[in-house]
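Chemist: Below are the structure tokens for one structure; questions will follow.
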Amino acid sequence: MSTIKLFIDGKEVEVERGTTILKAAGQAGVRIPTLCHHPDLEPYGGCRLCIVKVEGMRGMPPSCITEVAEGMKVTTEDDEILAARRTVLRLLLADHTYDCLRCRANLDCELQKLTEELGVREHGLIPVLRESTIDESNPLFVRDMNRCVRCARCIRTCQEIIGLGAIDFLGRGHAVEVGPFANQPIAESICESCGECVVHCPTGALSFREQPPRPDRKETVICPYCGTGCSIELHVRRDRVVAASGDRHSEVNRGLLCLKGRFGSFPYLHDPERLTRPLVRKRGELVECDWDEALDLVAQKFRQHRGEAFAAFSSAKVANEDNYLMQKFSREVQGSNSVDHCARL
Ligand code: SF4
Ligand code: SF4
Ligand code: SF4
Ligand code: FES
């Protein structure tokens with residue numbers, strides 16, 4: 001891979017050809033504020049908060065979509081750039097339900113953080129009244145388009161990462177908002193409720209209904225639901241698992257989770273009805289027993305039911321080796337080729 005040299009705020013930097021100015025600045029330890037950019041997604045260039053100056057180039061190009069060139073001289077911050085960024089931010093705020101104290105994203109909002117970073121407390125403009133969609137049809141997350149900054153991170157997440165395209169921009173001009181086809185309730189759309197768009201939304205426009213307390217630690221485990229083997233971070237607060245998120249360091253899922261991993265991988269852990277001991281049926285009733293008794297009963301039933309009377313159904317949760325042994329046991333010991341596996345469903 002060939003490299004090129006450029007200057008960022010007077011400092012010489014060497015990066016791979018094709019790198020964006022934003023990425024090159026990051027490699028040089030220079031922070032440029034962003035909003036529509038997300039490292040999981042393709043460069044987009046929608047919000048214009050990451051503008052910089054490049055010697056010899058007209059205007060202020062967005063650094064997240066502008067590629068570096070040999071000898072390029074980039075200025076990432078001066079009074080003019082800051083003023084332009086503040087104007088962009090004020091325009092976004094004027095078009096936004098700006099009541100952070102009542103917002104689910106309060107203290108965890110990229111827009112809010114940018115107002116602090118750029119010193120914009122008030123937008124100072126006549127607010128634009130919006131009566132956009134508030135969609136509470138999904139049992140797991142809420143969509144409040146009055147808090148949307150139209151960064152398209154959710155749309156791009158659903159298209160680029162999930163490969164579904166359940167949501168897109170709807171309408172025109174000032175009235176544009178994000179939603180499923182014909183702005184139907186999201187619960188009636190093709191959305192699979194994976195929650196990835198919520199994770200990638202920088203504001204309170206998309207928020208999970210459950211707002212778990214901040215964890216005191218995180219434990220990394222493998223999702224128990226299927227054979228993909230996604231790595232999950234369980235958020236633990238006072239020895240109780242309160243939430244799950246994708247492990248960004250995992251080569252398998254790179255931080256992503258599906259509906260089952262995100263919402264279903266932990267609530268049963270503390271369920272009072274969770275089975276922790278085996279049950280056997282005695283006189284029509286399921287009663288608790290110890291493992292020896294349960295396994296003896298299974299072995300006895302295996303001896304009684306061989307050949308066509310026996311079938312084995314295995315699970316994607318176990319290792320390939322376990323599944324291999326299961327089918328071998330069924331064919332060689334029980335004399336039955338009736339073998340199946342939940343991954344086929
Ligand atoms: S989305 Fe962010 S900036 Fe907007 S009201 Fe919520 S916390 Fe405040
Ligand atoms: S929850 Fe998942 S499937 Fe539904 S819109 Fe968001 S990213 Fe797309
Ligand atoms: S819903 Fe969130 S991610 Fe989607 S465009 Fe609006 S602010 Fe961006
Ligand atoms: S972060 Fe570059 S244009 Fe939005």
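Residues in the structure tokens are numbered from 1 in each chain, the chains being A, B, ... in the order shown, and ligands are numbered from 1 in the order shown.
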Please identify the residues whose atoms come within 8 Å of ligand 3, using only C-alpha atoms and all ligand atoms, and report them as an MDAnalysis selection string.
Modeler: chainID A and resid 36 143:145 147:155 177:178 197:198 200:206
Chemist: For the structure I just gave you, how does DSSP split segment 27-228 of chain A - specifically, which residues are strand (DSSP E)? Reply as a list in words.
Modeler: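 Residues of segment 27-228 of chain A classed as strand (DSSP E): Lys53, Val54, Lys73, Val74, Thr75, Ile134, Asp135, Phe141, Val142, Arg143, Asp144, Asp168, Phe169, Leu170, Glu177, Val178, Gly179, Leu206, Ser207, Phe208, Arg217, Lys218, Glu219, Thr220, Val221 and Ile222 of chain A.
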Chemist: Tell me, as a ChimeraX atom specification, which residues lie within 9 Å of Leu269 of chain A, counting only C-alpha atoms; anything in the same chain fewer than 4 positions away does not count.
Modeler: /A:240-241,265,274
Chemist: If we count only C-alpha atoms and set the cut-off at 9 Å, which residues sit around Ile8 of chain A, ignoring sequence neighbours fewer than 6 positions away in its own chain? Please answer as an NGL selection string.
Modeler: :A and (21 or 24-25 or 28 or 30 or 72-76)
Chemist: Those same residues, written as a short mmCIF file (atom, residue, chain, number, x, y, z; two decimals), in the first residue's frame with C-alpha atoms?
Modeler:
data_model
loop_
_atom_site.label_atom_id
_atom_site.label_comp_id
_atom_site.auth_asym_id
_atom_site.auth_seq_id
_atom_site.Cartn_x
_atom_site.Cartn_y
_atom_site.Cartn_z
CA ILE A 21 -8.50 13.99 6.07
CA ALA A 24 -5.44 11.21 8.84
CA ALA A 25 -6.09 13.84 11.51
CA ALA A 28 -1.99 12.49 13.96
CA VAL A 30 -5.91 15.87 16.04
CA MET A 72 -1.75 18.82 1.12
CA LYS A 73 -1.80 21.53 3.80
CA VAL A 74 -4.80 21.20 6.13
CA THR A 75 -5.96 23.59 8.85
CA THR A 76 -8.40 21.89 11.20
#
Chemist: As a compact mmCIF listing (two decimals) with all heavy atoms, in the first residue's frame, please: every residue in segment 60-287 of chain A that DSSP puts in alpha helix (DSSP H).
Modeler:
# COMPACT_ATOMS: atom_id res chain seq x y z
N ASP A 79 -10.53 30.71 13.61
CA ASP A 79 -11.75 31.43 13.98
C ASP A 79 -12.86 31.24 12.94
O ASP A 79 -14.03 31.09 13.27
CB ASP A 79 -11.45 32.93 14.15
CG ASP A 79 -10.65 33.17 15.43
OD1 ASP A 79 -10.55 32.23 16.24
OD2 ASP A 79 -10.11 34.28 15.59
N GLU A 80 -12.46 31.25 11.67
CA GLU A 80 -13.47 31.13 10.60
C GLU A 80 -14.11 29.73 10.59
O GLU A 80 -15.33 29.59 10.44
CB GLU A 80 -12.76 31.38 9.26
CG GLU A 80 -13.59 32.18 8.30
CD GLU A 80 -12.84 32.45 7.00
OE1 GLU A 80 -11.64 32.09 6.88
OE2 GLU A 80 -13.45 33.00 6.11
N ILE A 81 -13.28 28.71 10.76
CA ILE A 81 -13.80 27.34 10.79
C ILE A 81 -14.74 27.17 11.99
O ILE A 81 -15.83 26.61 11.88
CB ILE A 81 -12.64 26.30 10.85
CG1 ILE A 81 -11.80 26.37 9.59
CG2 ILE A 81 -13.18 24.89 11.06
CD1 ILE A 81 -10.51 25.55 9.65
N LEU A 82 -14.29 27.67 13.14
CA LEU A 82 -15.11 27.54 14.35
C LEU A 82 -16.45 28.25 14.18
O LEU A 82 -17.50 27.72 14.56
CB LEU A 82 -14.37 28.14 15.55
CG LEU A 82 -13.48 27.17 16.33
CD1 LEU A 82 -12.75 27.91 17.44
CD2 LEU A 82 -14.30 26.02 16.89
N ALA A 83 -16.41 29.45 13.58
CA ALA A 83 -17.65 30.20 13.37
C ALA A 83 -18.59 29.42 12.45
O ALA A 83 -19.82 29.34 12.70
CB ALA A 83 -17.34 31.57 12.78
N ALA A 84 -18.03 28.82 11.41
CA ALA A 84 -18.88 28.05 10.47
C ALA A 84 -19.46 26.81 11.17
O ALA A 84 -20.65 26.49 11.01
CB ALA A 84 -18.04 27.64 9.26
N ARG A 85 -18.65 26.14 11.97
CA ARG A 85 -19.16 24.96 12.70
C ARG A 85 -20.27 25.36 13.67
O ARG A 85 -21.27 24.66 13.80
CB ARG A 85 -18.02 24.29 13.48
CG ARG A 85 -17.10 23.48 12.61
CD ARG A 85 -16.05 22.77 13.43
NE ARG A 85 -15.04 22.19 12.57
CZ ARG A 85 -13.76 22.02 12.89
NH1 ARG A 85 -13.33 22.39 14.08
NH2 ARG A 85 -12.93 21.46 12.06
N ARG A 86 -20.06 26.50 14.33
CA ARG A 86 -21.10 26.96 15.29
C ARG A 86 -22.40 27.29 14.55
O ARG A 86 -23.48 27.00 15.05
CB ARG A 86 -20.59 28.18 16.06
CG ARG A 86 -19.54 27.81 17.09
CD ARG A 86 -19.16 28.99 17.97
NE ARG A 86 -18.13 28.60 18.90
CZ ARG A 86 -16.93 29.19 19.00
NH1 ARG A 86 -16.63 30.22 18.22
NH2 ARG A 86 -16.05 28.77 19.88
N THR A 87 -22.28 27.86 13.37
CA THR A 87 -23.49 28.18 12.60
C THR A 87 -24.24 26.90 12.22
O THR A 87 -25.46 26.80 12.34
CB THR A 87 -23.12 28.99 11.32
OG1 THR A 87 -22.46 30.16 11.73
CG2 THR A 87 -24.34 29.34 10.50
N VAL A 88 -23.48 25.91 11.78
CA VAL A 88 -24.10 24.62 11.43
C VAL A 88 -24.84 24.06 12.64
O VAL A 88 -26.00 23.62 12.56
CB VAL A 88 -23.03 23.61 10.94
CG1 VAL A 88 -23.62 22.22 10.82
CG2 VAL A 88 -22.43 24.06 9.63
N LEU A 89 -24.18 24.12 13.79
CA LEU A 89 -24.77 23.57 15.01
C LEU A 89 -26.02 24.36 15.43
O LEU A 89 -27.04 23.77 15.82
CB LEU A 89 -23.72 23.61 16.13
CG LEU A 89 -23.99 22.76 17.37
CD1 LEU A 89 -24.28 21.32 17.00
CD2 LEU A 89 -22.78 22.82 18.30
N ARG A 90 -25.97 25.68 15.31
CA ARG A 90 -27.13 26.50 15.69
C ARG A 90 -28.32 26.18 14.79
O ARG A 90 -29.45 26.11 15.25
CB ARG A 90 -26.76 27.98 15.60
CG ARG A 90 -25.83 28.42 16.75
CD ARG A 90 -25.20 29.77 16.51
NE ARG A 90 -26.18 30.82 16.35
CZ ARG A 90 -26.11 31.79 15.42
NH1 ARG A 90 -25.11 31.82 14.58
NH2 ARG A 90 -27.04 32.70 15.36
N LEU A 91 -28.05 25.99 13.51
CA LEU A 91 -29.14 25.65 12.59
C LEU A 91 -29.75 24.30 12.95
O LEU A 91 -30.97 24.11 12.90
CB LEU A 91 -28.62 25.63 11.15
CG LEU A 91 -28.30 27.01 10.55
CD1 LEU A 91 -27.49 26.88 9.27
CD2 LEU A 91 -29.59 27.79 10.29
N LEU A 92 -28.91 23.36 13.34
CA LEU A 92 -29.43 22.05 13.76
C LEU A 92 -30.29 22.19 15.01
O LEU A 92 -31.36 21.58 15.12
CB LEU A 92 -28.27 21.08 14.05
CG LEU A 92 -27.55 20.47 12.86
CD1 LEU A 92 -26.34 19.67 13.33
CD2 LEU A 92 -28.48 19.58 12.06
N LEU A 93 -29.84 23.01 15.94
CA LEU A 93 -30.58 23.16 17.20
C LEU A 93 -31.90 23.89 17.01
O LEU A 93 -32.90 23.60 17.69
CB LEU A 93 -29.72 23.90 18.24
CG LEU A 93 -28.48 23.15 18.73
CD1 LEU A 93 -27.65 24.03 19.65
CD2 LEU A 93 -28.87 21.86 19.44
N ALA A 94 -31.93 24.83 16.08
CA ALA A 94 -33.16 25.61 15.84
C ALA A 94 -34.27 24.70 15.32
O ALA A 94 -35.45 25.02 15.41
CB ALA A 94 -32.88 26.73 14.86
N GLU A 110 -24.52 12.92 21.41
CA GLU A 110 -23.40 13.55 20.69
C GLU A 110 -23.69 15.00 20.35
O GLU A 110 -22.79 15.84 20.33
CB GLU A 110 -23.08 12.75 19.43
CG GLU A 110 -22.49 11.39 19.75
CD GLU A 110 -22.15 10.58 18.52
OE1 GLU A 110 -21.69 11.16 17.52
OE2 GLU A 110 -22.37 9.35 18.54
N LEU A 111 -24.96 15.31 20.09
CA LEU A 111 -25.33 16.70 19.78
C LEU A 111 -25.10 17.58 21.01
O LEU A 111 -24.54 18.69 20.91
CB LEU A 111 -26.80 16.75 19.35
CG LEU A 111 -27.32 18.11 18.87
CD1 LEU A 111 -26.59 18.57 17.62
CD2 LEU A 111 -28.82 18.03 18.60
N GLN A 112 -25.52 17.08 22.14
CA GLN A 112 -25.33 17.81 23.41
C GLN A 112 -23.84 18.04 23.68
O GLN A 112 -23.42 19.14 24.06
CB GLN A 112 -25.94 16.96 24.52
CG GLN A 112 -26.20 17.66 25.82
CD GLN A 112 -26.81 16.67 26.82
OE1 GLN A 112 -26.35 15.53 26.91
NE2 GLN A 112 -27.82 17.11 27.53
N LYS A 113 -23.04 17.00 23.44
CA LYS A 113 -21.60 17.13 23.68
C LYS A 113 -20.99 18.17 22.74
O LYS A 113 -20.08 18.92 23.11
CB LYS A 113 -20.90 15.78 23.49
CG LYS A 113 -21.20 14.82 24.65
CD LYS A 113 -20.37 13.56 24.57
CE LYS A 113 -20.84 12.60 25.65
NZ LYS A 113 -21.38 11.35 25.13
N LEU A 114 -21.49 18.20 21.49
CA LEU A 114 -20.96 19.19 20.53
C LEU A 114 -21.29 20.61 20.96
O LEU A 114 -20.49 21.53 20.77
CB LEU A 114 -21.53 18.92 19.13
CG LEU A 114 -20.88 17.76 18.39
CD1 LEU A 114 -21.70 17.37 17.17
CD2 LEU A 114 -19.46 18.12 17.95
N THR A 115 -22.47 20.81 21.56
CA THR A 115 -22.81 22.17 22.03
C THR A 115 -21.82 22.61 23.11
O THR A 115 -21.45 23.77 23.17
CB THR A 115 -24.25 22.24 22.58
OG1 THR A 115 -24.36 21.39 23.71
CG2 THR A 115 -25.28 21.87 21.54
N GLU A 116 -21.40 21.65 23.94
CA GLU A 116 -20.41 21.99 24.97
C GLU A 116 -19.05 22.26 24.32
O GLU A 116 -18.38 23.24 24.62
CB GLU A 116 -20.29 20.86 25.99
CG GLU A 116 -21.45 20.84 26.97
CD GLU A 116 -21.60 19.49 27.64
OE1 GLU A 116 -20.61 18.77 27.78
OE2 GLU A 116 -22.75 19.16 28.02
N GLU A 117 -18.66 21.36 23.42
CA GLU A 117 -17.33 21.48 22.80
C GLU A 117 -17.19 22.79 22.01
O GLU A 117 -16.15 23.44 22.06
CB GLU A 117 -17.11 20.28 21.86
CG GLU A 117 -15.75 20.26 21.22
CD GLU A 117 -15.55 19.04 20.32
OE1 GLU A 117 -16.30 18.05 20.46
OE2 GLU A 117 -14.64 19.09 19.48
N ARG A 153 -27.43 8.24 9.92
CA ARG A 153 -26.66 7.10 10.47
C ARG A 153 -27.55 5.87 10.62
O ARG A 153 -27.12 4.74 10.39
CB ARG A 153 -26.02 7.50 11.81
CG ARG A 153 -24.68 8.17 11.58
CD ARG A 153 -24.11 8.95 12.73
NE ARG A 153 -24.00 8.28 13.99
CZ ARG A 153 -23.24 8.74 15.01
NH1 ARG A 153 -22.50 9.84 14.84
NH2 ARG A 153 -23.21 8.12 16.14
N CYS A 154 -28.81 6.08 11.01
CA CYS A 154 -29.72 4.94 11.17
C CYS A 154 -30.02 4.29 9.82
O CYS A 154 -30.01 3.07 9.70
CB CYS A 154 -31.01 5.41 11.84
SG CYS A 154 -31.81 6.78 10.97
N ILE A 155 -30.26 5.14 8.82
CA ILE A 155 -30.59 4.62 7.49
C ILE A 155 -29.41 3.81 6.94
O ILE A 155 -29.57 2.70 6.44
CB ILE A 155 -30.90 5.79 6.53
CG1 ILE A 155 -32.12 6.57 7.02
CG2 ILE A 155 -31.10 5.30 5.11
CD1 ILE A 155 -32.34 7.89 6.28
N ARG A 156 -28.23 4.38 7.08
CA ARG A 156 -27.03 3.72 6.56
C ARG A 156 -26.72 2.45 7.35
O ARG A 156 -26.28 1.44 6.79
CB ARG A 156 -25.85 4.69 6.60
CG ARG A 156 -26.03 5.84 5.58
CD ARG A 156 -24.89 6.81 5.62
NE ARG A 156 -24.89 7.64 6.80
CZ ARG A 156 -23.80 8.02 7.46
NH1 ARG A 156 -22.61 7.59 7.07
NH2 ARG A 156 -23.88 8.79 8.51
N GLU A 196 -29.83 -1.94 16.01
CA GLU A 196 -28.54 -1.36 15.60
C GLU A 196 -28.68 0.11 15.22
O GLU A 196 -27.77 0.91 15.47
CB GLU A 196 -27.95 -2.14 14.42
CG GLU A 196 -27.23 -3.41 14.82
CD GLU A 196 -26.09 -3.18 15.80
OE1 GLU A 196 -25.45 -2.13 15.79
OE2 GLU A 196 -25.83 -4.09 16.60
N CYS A 197 -29.82 0.51 14.63
CA CYS A 197 -29.99 1.92 14.28
C CYS A 197 -30.03 2.77 15.55
O CYS A 197 -29.53 3.89 15.57
CB CYS A 197 -31.25 2.13 13.45
SG CYS A 197 -32.75 1.49 14.20
N VAL A 198 -30.61 2.22 16.61
CA VAL A 198 -30.69 2.95 17.88
C VAL A 198 -29.28 3.15 18.43
O VAL A 198 -28.91 4.24 18.88
CB VAL A 198 -31.57 2.19 18.89
CG1 VAL A 198 -31.71 2.99 20.18
CG2 VAL A 198 -32.94 1.87 18.30
N VAL A 199 -28.48 2.09 18.36
CA VAL A 199 -27.10 2.18 18.86
C VAL A 199 -26.30 3.23 18.09
O VAL A 199 -25.48 3.94 18.65
CB VAL A 199 -26.41 0.79 18.75
CG1 VAL A 199 -24.94 0.89 19.09
CG2 VAL A 199 -27.10 -0.21 19.65
N HIS A 200 -26.57 3.35 16.78
CA HIS A 200 -25.78 4.27 15.95
C HIS A 200 -26.36 5.69 15.90
O HIS A 200 -25.74 6.57 15.31
CB HIS A 200 -25.66 3.71 14.52
CG HIS A 200 -24.70 2.56 14.43
ND1 HIS A 200 -25.06 1.27 14.73
CD2 HIS A 200 -23.38 2.51 14.11
CE1 HIS A 200 -24.01 0.47 14.58
NE2 HIS A 200 -22.98 1.20 14.21
N LEU A 259 -31.56 -9.07 17.27
CA LEU A 259 -32.63 -8.91 18.26
C LEU A 259 -32.46 -9.83 19.46
O LEU A 259 -32.56 -9.42 20.63
CB LEU A 259 -33.97 -9.20 17.55
CG LEU A 259 -35.21 -9.43 18.38
CD1 LEU A 259 -35.64 -8.12 19.00
CD2 LEU A 259 -36.32 -9.99 17.52
Chemist: Which residue gives the smallest distance to Glu77 of chain A among A:Leu275, A:Leu118, A:Cys64, A:Gly163, with only C-alpha atoms counted?
Modeler: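 Ranking A:Leu275, A:Leu118, A:Cys64, A:Gly163 by distance to Glu77 of chain A, first place goes to A:Leu118.
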Chemist: Which residue gives the smallest distance to ligand 4 among A:Ser63, A:Thr228, A:Gln27, A:Gln184, with only C-alpha atoms and all ligand atoms counted?
Modeler: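 Result for the nearest residue to ligand 4: A:Ser63.
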Chemist: If we count only C-alpha atoms, what is near Glu308 of chain A at a cut-off of 8 Å, once residues fewer than 6 positions away on the same chain are taken out, given as a list in words?
Modeler: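 Near neighbours after the sequence-gap exclusion: Gly335, Ser336 and Ser338 of chain A.
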Chemist: Compute the set of protein, DNA and RNA residues whose minimum atom distance to ligand 4 is at most 8 Å, using only C-alpha atoms and all ligand atoms, and state it as number ranges by chain.
Modeler: A: 33-38, 43-51, 62-65, 151
Chemist: Keeping only all heavy atoms, take the residues you just selected and write them out as a short mmCIF file (atom, residue, chain, number, x, y, z; two decimals), in the first residue's frame.
Modeler:
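So the final result, stored in selection.cif, reads:
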data_model
loop_
_atom_site.label_atom_id
_atom_site.label_comp_id
_atom_site.auth_asym_id
_atom_site.auth_seq_id
_atom_site.Cartn_x
_atom_site.Cartn_y
_atom_site.Cartn_z
N PRO A 33 -14.40 17.71 15.16
CA PRO A 33 -15.76 17.32 15.56
C PRO A 33 -16.56 16.74 14.39
O PRO A 33 -16.39 17.16 13.25
CB PRO A 33 -16.39 18.63 16.05
CG PRO A 33 -15.52 19.73 15.59
CD PRO A 33 -14.18 19.16 15.27
N THR A 34 -17.37 15.74 14.68
CA THR A 34 -18.19 15.09 13.65
C THR A 34 -19.58 14.84 14.21
O THR A 34 -19.78 14.83 15.43
CB THR A 34 -17.60 13.72 13.25
OG1 THR A 34 -17.51 12.90 14.42
CG2 THR A 34 -16.23 13.83 12.62
N LEU A 35 -20.52 14.58 13.32
CA LEU A 35 -21.86 14.18 13.78
C LEU A 35 -22.41 13.06 12.89
O LEU A 35 -22.79 12.02 13.38
CB LEU A 35 -22.82 15.38 13.79
CG LEU A 35 -24.20 15.10 14.40
CD1 LEU A 35 -24.10 14.65 15.85
CD2 LEU A 35 -25.09 16.34 14.30
N CYS A 36 -22.42 13.28 11.58
CA CYS A 36 -22.99 12.23 10.72
C CYS A 36 -21.99 11.10 10.49
O CYS A 36 -22.37 10.00 10.09
CB CYS A 36 -23.45 12.81 9.38
SG CYS A 36 -22.11 13.36 8.31
N HIS A 37 -20.72 11.35 10.77
CA HIS A 37 -19.71 10.31 10.55
C HIS A 37 -19.80 9.23 11.64
O HIS A 37 -20.02 9.54 12.80
CB HIS A 37 -18.32 10.94 10.56
CG HIS A 37 -17.22 9.94 10.45
ND1 HIS A 37 -16.86 9.35 9.26
CD2 HIS A 37 -16.42 9.38 11.40
CE1 HIS A 37 -15.89 8.50 9.47
NE2 HIS A 37 -15.59 8.49 10.75
N HIS A 38 -19.62 7.97 11.24
CA HIS A 38 -19.47 6.89 12.21
C HIS A 38 -18.48 5.89 11.64
O HIS A 38 -18.58 5.51 10.46
CB HIS A 38 -20.82 6.20 12.49
CG HIS A 38 -20.79 5.33 13.70
ND1 HIS A 38 -20.13 4.13 13.72
CD2 HIS A 38 -21.28 5.50 14.95
CE1 HIS A 38 -20.23 3.59 14.92
NE2 HIS A 38 -20.93 4.40 15.69
N PRO A 43 -18.19 6.75 4.50
CA PRO A 43 -18.20 8.21 4.58
C PRO A 43 -19.46 8.78 3.92
O PRO A 43 -19.92 8.27 2.90
CB PRO A 43 -16.95 8.62 3.81
CG PRO A 43 -16.06 7.42 3.86
CD PRO A 43 -16.97 6.23 3.88
N TYR A 44 -20.01 9.85 4.51
CA TYR A 44 -21.32 10.35 4.06
C TYR A 44 -21.29 11.84 3.74
O TYR A 44 -21.79 12.28 2.72
CB TYR A 44 -22.32 10.05 5.17
CG TYR A 44 -23.74 10.45 4.86
CD1 TYR A 44 -24.44 9.85 3.83
CD2 TYR A 44 -24.38 11.44 5.62
CE1 TYR A 44 -25.75 10.21 3.55
CE2 TYR A 44 -25.68 11.80 5.36
CZ TYR A 44 -26.36 11.19 4.31
OH TYR A 44 -27.65 11.55 4.05
N GLY A 45 -20.72 12.64 4.64
CA GLY A 45 -20.59 14.07 4.35
C GLY A 45 -21.90 14.83 4.39
O GLY A 45 -22.15 15.69 3.55
N GLY A 46 -22.73 14.54 5.38
CA GLY A 46 -24.05 15.16 5.45
C GLY A 46 -24.16 16.39 6.33
O GLY A 46 -24.88 17.33 6.01
N CYS A 47 -23.46 16.41 7.45
CA CYS A 47 -23.74 17.45 8.46
C CYS A 47 -22.86 18.69 8.32
O CYS A 47 -23.23 19.76 8.77
CB CYS A 47 -23.60 16.86 9.85
SG CYS A 47 -21.89 16.55 10.36
N ARG A 48 -21.71 18.57 7.75
CA ARG A 48 -20.76 19.68 7.55
C ARG A 48 -20.13 20.19 8.86
O ARG A 48 -19.62 21.29 8.91
CB ARG A 48 -21.42 20.87 6.84
CG ARG A 48 -21.79 20.67 5.35
CD ARG A 48 -20.83 19.82 4.63
NE ARG A 48 -20.83 19.97 3.18
CZ ARG A 48 -21.03 18.97 2.31
NH1 ARG A 48 -21.34 17.76 2.74
NH2 ARG A 48 -20.91 19.18 1.02
N LEU A 49 -20.17 19.43 9.92
CA LEU A 49 -19.52 19.87 11.16
C LEU A 49 -18.02 19.62 11.13
O LEU A 49 -17.27 20.19 11.91
CB LEU A 49 -20.14 19.15 12.36
CG LEU A 49 -21.33 19.89 12.96
CD1 LEU A 49 -22.14 18.97 13.85
CD2 LEU A 49 -20.87 21.10 13.76
N CYS A 50 -17.59 18.74 10.24
CA CYS A 50 -16.17 18.36 10.23
C CYS A 50 -15.37 19.18 9.22
O CYS A 50 -14.29 18.77 8.81
CB CYS A 50 -16.05 16.88 9.91
SG CYS A 50 -16.57 16.50 8.23
N ILE A 51 -15.91 20.32 8.82
CA ILE A 51 -15.23 21.13 7.79
C ILE A 51 -13.84 21.57 8.24
O ILE A 51 -13.60 21.80 9.43
CB ILE A 51 -16.06 22.38 7.42
CG1 ILE A 51 -16.54 23.07 8.69
CG2 ILE A 51 -17.19 22.03 6.48
CD1 ILE A 51 -17.22 24.39 8.44
N PRO A 62 -15.70 19.09 3.78
CA PRO A 62 -15.91 18.19 4.92
C PRO A 62 -14.77 17.17 4.97
O PRO A 62 -14.50 16.49 3.99
CB PRO A 62 -17.24 17.49 4.61
CG PRO A 62 -17.78 18.17 3.40
CD PRO A 62 -16.68 18.86 2.71
N SER A 63 -14.11 17.09 6.10
CA SER A 63 -12.92 16.24 6.19
C SER A 63 -13.26 14.75 6.13
O SER A 63 -12.42 13.94 5.79
CB SER A 63 -12.15 16.54 7.48
OG SER A 63 -12.98 16.30 8.59
N CYS A 64 -14.52 14.40 6.44
CA CYS A 64 -14.85 12.97 6.49
C CYS A 64 -15.00 12.35 5.11
O CYS A 64 -15.01 11.14 4.98
CB CYS A 64 -16.11 12.74 7.32
SG CYS A 64 -17.59 13.44 6.58
N ILE A 65 -15.15 13.21 4.07
CA ILE A 65 -15.29 12.63 2.71
C ILE A 65 -14.20 13.13 1.77
O ILE A 65 -14.22 12.81 0.59
CB ILE A 65 -16.68 12.92 2.08
CG1 ILE A 65 -17.01 14.41 2.18
CG2 ILE A 65 -17.76 12.08 2.70
CD1 ILE A 65 -18.19 14.81 1.30
N CYS A 151 -28.94 12.88 10.19
CA CYS A 151 -27.56 12.50 9.87
C CYS A 151 -27.51 11.23 9.04
O CYS A 151 -26.46 10.86 8.51
CB CYS A 151 -26.78 12.28 11.16
SG CYS A 151 -27.40 10.89 12.14
#
Chemist: Grab me every residue within 7 Å of ligand 2, counting only C-alpha atoms and all ligand atoms, and send it over as a list of chain:residue names.
Modeler: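 The residues near ligand 2 are A:Cys154, A:Thr157, A:Cys158, A:Ile162, A:Leu164, A:Gly165, A:Ala166, A:Ile167, A:Cys191, A:Glu192, A:Ser193, A:Cys194, A:Gly195, A:Glu196, A:Cys197, A:Val198.
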Chemist: What would the file look like if the residues just selected were written as a short mmCIF file (atom, residue, chain, number, x, y, z; two decimals), in the first residue's frame with N, CA, C and O atoms?
Modeler:
data_model
loop_
_atom_site.label_atom_id
_atom_site.label_comp_id
_atom_site.auth_asym_id
_atom_site.auth_seq_id
_atom_site.Cartn_x
_atom_site.Cartn_y
_atom_site.Cartn_z
N CYS A 154 -28.81 6.08 11.01
CA CYS A 154 -29.72 4.94 11.17
C CYS A 154 -30.02 4.29 9.82
O CYS A 154 -30.01 3.07 9.70
N THR A 157 -27.00 2.47 8.65
CA THR A 157 -26.79 1.26 9.45
C THR A 157 -27.68 0.13 8.94
O THR A 157 -27.23 -1.00 8.72
N CYS A 158 -28.95 0.46 8.73
CA CYS A 158 -29.89 -0.58 8.29
C CYS A 158 -29.55 -1.08 6.89
O CYS A 158 -29.73 -2.25 6.59
N ILE A 162 -26.96 -4.04 8.30
CA ILE A 162 -28.00 -5.08 8.42
C ILE A 162 -28.40 -5.61 7.04
O ILE A 162 -28.83 -6.74 6.90
N LEU A 164 -30.85 -4.47 5.18
CA LEU A 164 -32.30 -4.57 5.10
C LEU A 164 -32.93 -3.34 4.44
O LEU A 164 -33.81 -3.47 3.59
N GLY A 165 -32.50 -2.16 4.85
CA GLY A 165 -33.10 -0.94 4.28
C GLY A 165 -34.53 -0.74 4.73
O GLY A 165 -35.40 -0.38 3.93
N ALA A 166 -34.78 -0.96 6.01
CA ALA A 166 -36.16 -0.82 6.52
C ALA A 166 -36.59 0.63 6.65
O ALA A 166 -37.78 0.91 6.71
N ILE A 167 -35.63 1.56 6.71
CA ILE A 167 -35.97 2.97 6.90
C ILE A 167 -35.21 3.83 5.88
O ILE A 167 -34.16 3.43 5.38
N CYS A 191 -38.84 -3.94 9.49
CA CYS A 191 -37.80 -3.82 10.53
C CYS A 191 -37.74 -5.10 11.37
O CYS A 191 -38.77 -5.65 11.75
N GLU A 192 -36.52 -5.56 11.65
CA GLU A 192 -36.34 -6.79 12.43
C GLU A 192 -36.05 -6.51 13.89
O GLU A 192 -35.66 -7.41 14.65
N SER A 193 -36.16 -5.26 14.31
CA SER A 193 -35.98 -4.86 15.72
C SER A 193 -34.61 -5.25 16.27
O SER A 193 -34.49 -5.58 17.45
N CYS A 194 -33.58 -5.17 15.42
CA CYS A 194 -32.24 -5.52 15.92
C CYS A 194 -31.69 -4.45 16.85
O CYS A 194 -30.81 -4.72 17.67
N GLY A 195 -32.17 -3.22 16.70
CA GLY A 195 -31.71 -2.13 17.58
C GLY A 195 -30.41 -1.49 17.14
O GLY A 195 -29.92 -0.56 17.78
N GLU A 196 -29.83 -1.94 16.01
CA GLU A 196 -28.54 -1.36 15.60
C GLU A 196 -28.68 0.11 15.22
O GLU A 196 -27.77 0.91 15.47
N CYS A 197 -29.82 0.51 14.63
CA CYS A 197 -29.99 1.92 14.28
C CYS A 197 -30.03 2.77 15.55
O CYS A 197 -29.53 3.89 15.57
N VAL A 198 -30.61 2.22 16.61
CA VAL A 198 -30.69 2.95 17.88
C VAL A 198 -29.28 3.15 18.43
O VAL A 198 -28.91 4.24 18.88
#
